[in-house]
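> Supplied in structure tokens, the structure appears directly below.
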There are 4 protein chains.
Amino acid sequence: MFANTFGTYLRLTTFGESHGPAMGAVIDGMPAGVDFDLATHLQPHLDRRRPGQSNITTARAEADRAELLSGVFDGKTLGTPICIVVHNTDARSRDYDPNYFRPGHADRTWQEKFGHRDHRGGGRASGRETLCRVIGGAFAARLLPPQTRVVAFTQQIGEHIARSIPEHLNTDLIDQHPTRCPDPEVAERISQELVDCKSQGDSRGGVIELRIDHCPIGLGEPVFAKLKARLADAMMGIGAVVGVSLGDAPAAASARGIDFHTGIPGDGPDAGISPAASGIQGGISNGERITLRVFFKPASTIGSMAREGRHDPCIVPRAVPVVEAMANLVLADLLLASRLNQHLTP
Amino acid sequence: MFANTFGTYLRLTTFGESHGPAMGAVIDGMPAGVDFDLATHLQPHLDRRRPGQSNITTARAEADRAELLSGVFDGKTLGTPICIVVHNTDARSRDYDPNYFRPGHADRTWQEKFGHRDHRGGGRASGRETLCRVIGGAFAARLLPPQTRVVAFTQQIGEHIARSIPEHLNTDLIDQHPTRCPDPEVAERISQELVDCKSQGDSRGGVIELRIDHCPIGLGEPVFAKLKARLADAMMGIGAVVGVSLGDAPAAASARGIDFHTGIPGDGPDAGISPAASGIQGGISNGERITLRVFFKPASTIGSMAREGRHDPCIVPRAVPVVEAMANLVLADLLLASRLNQHLTP
Amino acid sequence: MFANTFGTYLRLTTFGESHGPAMGAVIDGMPAGVDFDLATHLQPHLDRRRPGQSNITTARAEADRAELLSGVFDGKTLGTPICIVVHNTDARSRDYDPNYFRPGHADRTWQEKFGHRDHRGGGRASGRETLCRVIGGAFAARLLPPQTRVVAFTQQIGEHIARSIPEHLNTDLIDQHPTRCPDPEVAERISQELVDCKSQGDSRGGVIELRIDHCPIGLGEPVFAKLKARLADAMMGIGAVVGVSLGDAPAAASARGIDFHTGIPGDGPDAGISPAASGIQGGISNGERITLRVFFKPASTIGSMAREGRHDPCIVPRAVPVVEAMANLVLADLLLASRLNQHLTP
Amino acid sequence: MFANTFGTYLRLTTFGESHGPAMGAVIDGMPAGVDFDLATHLQPHLDRRRPGQSNITTARAEADRAELLSGVFDGKTLGTPICIVVHNTDARSRDYDPNYFRPGHADRTWQEKFGHRDHRGGGRASGRETLCRVIGGAFAARLLPPQTRVVAFTQQIGEHIARSIPEHLNTDLIDQHPTRCPDPEVAERISQELVDCKSQGDSRGGVIELRIDHCPIGLGEPVFAKLKARLADAMMGIGAVVGVSLGDAPAAASARGIDFHTGIPGDGPDAGISPAASGIQGGISNGERITLRVFFKPASTIGSMAREGRHDPCIVPRAVPVVEAMANLVLADLLLASRLNQHLTP
């Protein structure tokens, strides 16, 4: 529960103010000997998150080039802390008034908490900090079994909800549209709405759905560090997130037990598995698909500031790789945790 | 992120199997000199959670008497670890078949993870473990300012949603009805439905709403350990919880930004506060009311086992003090954290 | 670095005031499926530490019977937190004056730090707290490979230094004499001196030597958590310890490098091993014997209080199992740590 | 107990391989609003540690210029993580043979532990990593009260022991001689011996004495995290350190209790203080001087490699600022810890 570190066994520590010299991440606890190539395993993830990708994102122009300072040698991790730095190149601090607290932003609470803050663009409360999470997630992903698939996509923006979603999703398919909504028709409507939003100084929220397929069995610590609790913590640690739902939580809350629970009876290989568990039972993964919905409120910058400044009318599309990164961090951390409590009986 | 410890600065470690000799809690990090009387400050909370309170809860008869082993002397905390033990007195392990994995329960994943488990009633995956959280919460509550009010209540069970809820709630008012729903008419309908459920081997889920009033300003660590992230982690660490929502997350996700955000303009004392933020901005409390909804799936024990065994048809009413306890633990932990990063300028 | 918890992966939390209801330990992080029998694996260690063993120890009569509350079922660990309690039965708080700060004891600093303390016999600063460490060490020992041997003995008390020490030591041999000094002649002289001390209100310190043979290779984390650093931390956390030496540190400090270092040359199986390293190189165990000396100052209770009260004239003999316990905790913790950073290359 | 992080509340994480692109440090937990100027508060400490200061140190030419990436703004700390990077500029990896394990070094154990290592000059096991600790210590020092004085000096090298040491020491006085021994006559003899050592491929160890004056009262957590335990952990985490002694531990071990303990009687302001306690009683600072001796073995590089390579014949003089840095980190960490358990009674 330290402010700038996520994870217990695989620990991501992020640093950097959005308008300071650089953003960066230190990943500690990464085992040695893992193949890692920055161009292949990291940069594409940063490119998915970086600003200026399309007409529905902010115009801040950052190349977000990752620079390796430590921890990888000859294409393999060393088991030592990995430090990656991304220099800030297009920080225009003149856009910000140090004496004005932007409504809905962290400016005011941050000032009250710390007394002294970097008023240039949100400091560490800026969404720009999430690029460091994408760095951490890229390393975390390398620890997961190759068959494990962690895929997030835009399920809803404003009132537009994706309906026809392919059973098998992947990044290429999701990135075909800048909204990252895999329902092409809905994607188009979202896109138009966001262009309108931008010109009107309005903003939108939405829902990202995360699907984890072929999750290793046994992830999640009983009692407090349940897999669902760690995922919720990870997602609610993202700026605009206001809710998390395992499966469809509102539907579950109003369902009848005898309808909801349909555990497989008998003593076959799937005995005791409940589809309603969304892949997590007793806080522990059972290998079935895990579906998590992450709810975002509308972006806080509205009105004239939104029309003139460099802001996203909706952060959901760019948050997709951040949600994936946080999920990867949780899974890798719990995977390492499971090395510790493995029973010793043969 | 350790399995059995919650909190970083105020650390609750729980132990005990539901059918072993005892349940217990160690609370470490509690400052010295805090008045604490078991009969006044702890036992009433345990009584609210314990089984056998009414005809809509399990018939397991546990007095749940707290026994102090350490950490309090002459009516005050010592600054040393507090250990409280509750002996199990009505554990009927004969009710459980070690070779049967109950659907929807942790039995199967636990067995796979640990290889060796206490099959008598769920071991530590039993809801009985939550009494230890109530112990921790009782101490945590003593660290909060007296004006801070942490109140939870049953907002929904099955399809019955409380509509007329008093603005000012308290435990006496909430406990007037065994459902802990403060809308008397809805409470009565819930009560009847749960009696029917019990006879039919059916179960229900629901929603607990948590309200935190007069929260100290400045709680929550920026970046990862945001107040909302810590609350989500705490709630999703409770057995049957499947979702968490700050305010009304589904509504926020579909709202227009210009409607949702109505930050107070100007430079008065409330300048920059956004009501939509639900008392948390940039992850940090701003002193306004925090509203959190916690979604529960229907209880997993259904069918003949539910009719014959000792189970609750709906755990929501008994979970109300658990939700409060977890919230108190989060707030006290972050209150201690805020002692660390206070700025040093005058 | 939490006050009452030792270890990161295998975590021992101790609780209890020496004159309160009970002392106790919670061991968390213990993998499931480890055979553990209290009578065989724990009670003998407690018996070695408990008071009243001979005429050279305190007369406080405590049976120190371990009572299991959780974590072991059917003779095997469950992977859940283990709680063991030892009730205090012979606590005579009337012997202590709450308004008197005993020189050399923790009374005064404790009072200043906490404001409120349990003045009955030292509270948690009492040596009685170390029984909880013996409990933790007993579980830790079960995680080590059977060939690993962790043996401590009295190497010096006052001016009497053991000279003829068998190459192969074990508990039976060391416990043949109540001083736990394996040089029979020196042991006898120590014994006489301590009887004299007791009658004269005098006290003695000494040195415990710890030998770790057949330590698993690779224990110790580079940089900060070196094996030697963890051992030093563990030993200096024992009340009267004032120094720690890997091998003979004063001799090493004044030696010439070309005499001290005699690394095995060539490329055979022992190439690069330096005997001077005392089994630890670069902070990591290399499988050779590790020798650690732990220095104790004379017991703080002297004068009339020592003649009349129930105190040991020298705590070294009873500290021998405590030193072993702390070493076992360090080794088991680092053994679990090594599960995390194992390289993944075949 | 994480490999690359030191401290619990003020957390220093170091990264960087000695022959990689850069060394660096992230300091997290630093409160906001602390004045910090790199040129004044950091660079002088790095200059004291850097190579090439005199004819008795290695010839590796590193400017060791600190570059700030985050956490300080307008001359004050932000309460956010501070990242400082020092680029490696004179790394000659060709000097190292990847297939040769240098005796006495970490090469072999590191290879066994990680499977894959940066063989160019020791990687993170290199003494070069300690510059990151000096960075951390420089920030830690800014949290201590101005009257607290943490001063280390060379007390012994080889057989030469400083005898006439001024009561009041400071950095200027200690740095008057490159040996950092404040006894001028002994310093001169040491200097000559080290020049001889270098030409002969020999090396020396020694003792650094650390004095902490006007330490805040109440630092140190009872039971495990005693001040003396934390200091021992910190010092034994430095590469060549083989022993730690609070005061003169060997002398204490052989002293008679009635001689050793001379606690101040009565009820005056110093009542209960024992000079023998070396400023720490019950693990907690009492405001008196704390004296710690840190024992170093002779440098491991000897023979032809020492004559031809770039190595220090004795690392003690350059380790003086490292010892101070580690002490500052311990004190600042415990000072923050003491904010948490302050009693609440008026």
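Letters for chains follow the order of the structure tokens (A, B, ...), residue numbers begin at 1 for each chain, and ligand numbers begin at 1 in the order shown.
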Output the contact residues of chain C with respect to chain A at a cut-off of 10 Å, based on only C-alpha atoms, as a PyMOL selection string.

chain C and resi 9-10+29-35+76-80+143+222-223+335-346

> From a backbone DSSP assignment, name each residue in stretch 170-297 of chain B labelled strand (DSSP E or B), as a VMD selection string.

chain B and resid 204 206 to 213 241 to 246 256 280 to 281 284 to 285 290 to 296

> Which residue out of A:Ala253, A:Met235, A:Ala141, A:Ala240 has the minimum interatomic distance to A:Val294 when only C-alpha atoms are used?

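Nearest candidate to A:Val294 out of A:Ala253, A:Met235, A:Ala141, A:Ala240: A:Met235.
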
> Need to verify the contact set: B:Val207, 8 Å, only C-alpha atoms, exclusion of same-chain residues closer than 3 positions in sequence. Can you return it as a list in words?

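The filter keeps Ala253 of chain A; Thr154, Gln155, Gln156, Ile157, Arg293, Val294, Phe295, Phe296 and Val316 of chain B.
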
> Restrict the selected residues to N, CA and C atoms and save them as a short mmCIF file (atom, residue, chain, number, x, y, z; two decimals), in the first residue's frame.


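Saved the output as again03.cif:
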data_model
loop_
_atom_site.label_atom_id
_atom_site.label_comp_id
_atom_site.auth_asym_id
_atom_site.auth_seq_id
_atom_site.Cartn_x
_atom_site.Cartn_y
_atom_site.Cartn_z
N ALA A 253 -26.43 -9.32 -8.31
CA ALA A 253 -27.02 -8.87 -7.04
C ALA A 253 -28.53 -9.07 -7.00
N THR B 154 -28.22 -2.31 4.15
CA THR B 154 -28.72 -3.10 3.04
C THR B 154 -29.50 -2.19 2.09
N GLN B 155 -28.97 -2.01 0.91
CA GLN B 155 -29.63 -1.14 -0.06
C GLN B 155 -30.50 -1.95 -1.00
N GLN B 156 -30.15 -3.21 -1.19
CA GLN B 156 -30.91 -4.07 -2.10
C GLN B 156 -30.69 -5.53 -1.71
N ILE B 157 -31.79 -6.32 -1.77
CA ILE B 157 -31.65 -7.78 -1.70
C ILE B 157 -32.55 -8.36 -2.77
N ARG B 293 -20.99 1.49 -3.26
CA ARG B 293 -21.92 0.36 -3.32
C ARG B 293 -21.14 -0.93 -3.50
N VAL B 294 -21.54 -1.92 -2.73
CA VAL B 294 -20.84 -3.20 -2.73
C VAL B 294 -21.85 -4.27 -3.16
N PHE B 295 -21.54 -4.96 -4.26
CA PHE B 295 -22.48 -5.93 -4.86
C PHE B 295 -22.16 -7.35 -4.41
N PHE B 296 -23.17 -8.05 -3.92
CA PHE B 296 -23.01 -9.45 -3.48
C PHE B 296 -23.76 -10.38 -4.43
N VAL B 316 -26.12 -10.83 3.08
CA VAL B 316 -26.02 -9.36 3.07
C VAL B 316 -26.26 -8.74 4.46
#

> Excluding stretch 211-220 of chain A and its own-chain neighbours fewer than 4 positions away, which residues fall within 6 Å of it when counting only C-alpha atoms? Please give them as a PyMOL selection string.

(chain A and resi 148-151+226-227+283-287+289-291+334) or (chain B and resi 113)

> Extract, using only C-alpha atoms, all DNA, RNA and protein residues at most 12 Å from D:Gly71, discarding same-chain residues fewer than 2 positions from it, and format them as number ranges by chain.

A: 4, 14-24, 116-118, 123-124; D: 25-37, 67-69, 73-84, 139

> Keeping only C-alpha atoms, take the residues you just selected and write them out as a short mmCIF file (atom, residue, chain, number, x, y, z; two decimals), in the first residue's frame.


data_model
loop_
_atom_site.label_atom_id
_atom_site.label_comp_id
_atom_site.auth_asym_id
_atom_site.auth_seq_id
_atom_site.Cartn_x
_atom_site.Cartn_y
_atom_site.Cartn_z
CA ASN A 4 4.09 4.70 -5.88
CA THR A 14 6.77 4.63 -11.02
CA PHE A 15 8.26 8.10 -10.89
CA GLY A 16 8.10 11.34 -12.83
CA GLU A 17 5.99 14.48 -13.06
CA SER A 18 4.09 14.98 -16.33
CA HIS A 19 5.92 18.25 -16.94
CA GLY A 20 9.23 17.34 -15.34
CA PRO A 21 12.29 15.93 -17.16
CA ALA A 22 11.09 12.34 -17.47
CA MET A 23 8.67 9.61 -16.52
CA GLY A 24 10.06 6.27 -15.47
CA HIS A 116 3.87 21.89 -2.30
CA ARG A 117 2.99 20.53 -5.73
CA ASP A 118 4.12 20.61 -9.32
CA GLY A 123 2.28 16.45 -11.83
CA ARG A 124 1.96 12.80 -10.96
CA ALA D 25 18.23 5.60 -7.06
CA VAL D 26 14.55 6.09 -6.39
CA ILE D 27 13.71 7.53 -2.99
CA ASP D 28 10.07 7.13 -2.06
CA GLY D 29 8.34 8.21 1.11
CA MET D 30 10.17 11.53 1.32
CA PRO D 31 7.74 14.11 2.73
CA ALA D 32 6.95 17.18 0.65
CA GLY D 33 8.35 20.63 1.23
CA VAL D 34 11.91 19.75 2.22
CA ASP D 35 14.52 22.12 0.78
CA PHE D 36 16.89 20.23 -1.45
CA ASP D 37 19.58 21.53 -3.74
CA GLU D 67 20.99 14.06 -12.73
CA LEU D 68 17.51 14.69 -11.31
CA LEU D 69 14.58 13.07 -13.11
CA PHE D 73 10.58 21.10 -7.97
CA ASP D 74 11.45 24.71 -7.27
CA GLY D 75 14.09 23.59 -4.76
CA LYS D 76 11.71 21.57 -2.62
CA THR D 77 10.73 17.93 -2.48
CA LEU D 78 7.28 17.20 -3.88
CA GLY D 79 6.37 14.20 -1.72
CA THR D 80 6.63 12.14 -4.91
CA PRO D 81 9.34 9.61 -5.72
CA ILE D 82 12.71 11.18 -6.35
CA CYS D 83 14.77 9.63 -9.13
CA ILE D 84 18.43 10.48 -9.48
CA PHE D 139 17.94 12.82 1.21
#

> Could you give me the residues within stretch 100-177 of chain C that DSSP places in helix (DSSP H, G or I), as a PyMOL selection string?

chain C and resi 107-114+123-125+127-141+171-174

> Could you write out that same residue set with C-alpha atoms as an mmCIF file, in the first residue's frame?


data_model
loop_
_atom_site.group_PDB
_atom_site.id
_atom_site.type_symbol
_atom_site.label_atom_id
_atom_site.label_comp_id
_atom_site.auth_asym_id
_atom_site.auth_seq_id
_atom_site.Cartn_x
_atom_site.Cartn_y
_atom_site.Cartn_z
ATOM 1 C CA ASP C 107 11.685 0.798 31.051
ATOM 2 C CA ARG C 108 12.622 4.412 30.539
ATOM 3 C CA THR C 109 12.929 4.572 26.736
ATOM 4 C CA TRP C 110 9.753 2.534 26.385
ATOM 5 C CA GLN C 111 7.875 4.941 28.650
ATOM 6 C CA GLU C 112 9.139 7.918 26.645
ATOM 7 C CA LYS C 113 8.266 6.313 23.338
ATOM 8 C CA PHE C 114 4.800 5.033 24.152
ATOM 9 C CA GLY C 123 6.084 -6.009 29.098
ATOM 10 C CA ARG C 124 7.238 -6.952 25.639
ATOM 11 C CA ALA C 125 10.804 -5.816 26.279
ATOM 12 C CA GLY C 127 13.301 -11.688 27.531
ATOM 13 C CA ARG C 128 10.173 -13.784 27.845
ATOM 14 C CA GLU C 129 9.141 -12.529 24.398
ATOM 15 C CA THR C 130 11.906 -14.663 22.904
ATOM 16 C CA LEU C 131 9.883 -17.816 23.498
ATOM 17 C CA CYS C 132 7.744 -16.648 20.594
ATOM 18 C CA ARG C 133 10.815 -16.588 18.403
ATOM 19 C CA VAL C 134 11.567 -20.159 19.393
ATOM 20 C CA ILE C 135 8.078 -21.058 18.195
ATOM 21 C CA GLY C 136 8.711 -19.351 14.870
ATOM 22 C CA GLY C 137 12.110 -20.948 14.522
ATOM 23 C CA ALA C 138 10.637 -24.410 15.076
ATOM 24 C CA PHE C 139 8.415 -23.995 12.039
ATOM 25 C CA ALA C 140 11.160 -22.357 9.988
ATOM 26 C CA ALA C 141 13.441 -25.305 10.667
ATOM 27 C CA THR C 171 22.020 -30.430 20.622
ATOM 28 C CA ASP C 172 22.514 -33.465 22.841
ATOM 29 C CA LEU C 173 26.189 -32.793 23.130
ATOM 30 C CA ILE C 174 25.689 -29.075 23.802
#

> Excluding B:Lys228 and its own-chain neighbours fewer than 4 positions away, which residues fall within 10 Å of it when counting only C-alpha atoms? Please give them as a ChimeraX atom specification.

/A:232-233,235-239,241-243 /B:220-221,224,232-234,244-246,278-285,290,292,330

> Which neighbours of stretch 181-192 of chain C fall inside 12 Å, counting only C-alpha atoms, when residues of the same chain fewer than 6 positions from it are skipped, and could you give them as a ChimeraX atom specification?

/C:54-57,151-175,198-199,203-209,313-314,316-318,320 /D:254

> Could you check how far atom CA of A:Leu46 sits from atom CA of A:Glu62, in Å to one decimal?

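Value for the atom CA of A:Leu46-atom CA of A:Glu62 distance: 10.6 Å.
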
> To one decimal in Å, tell me the separation between atom CA of B:Pro321 and atom CA of A:Asp259.

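Between atom CA of B:Pro321 and atom CA of A:Asp259 the gap works out to 27.7 Å.
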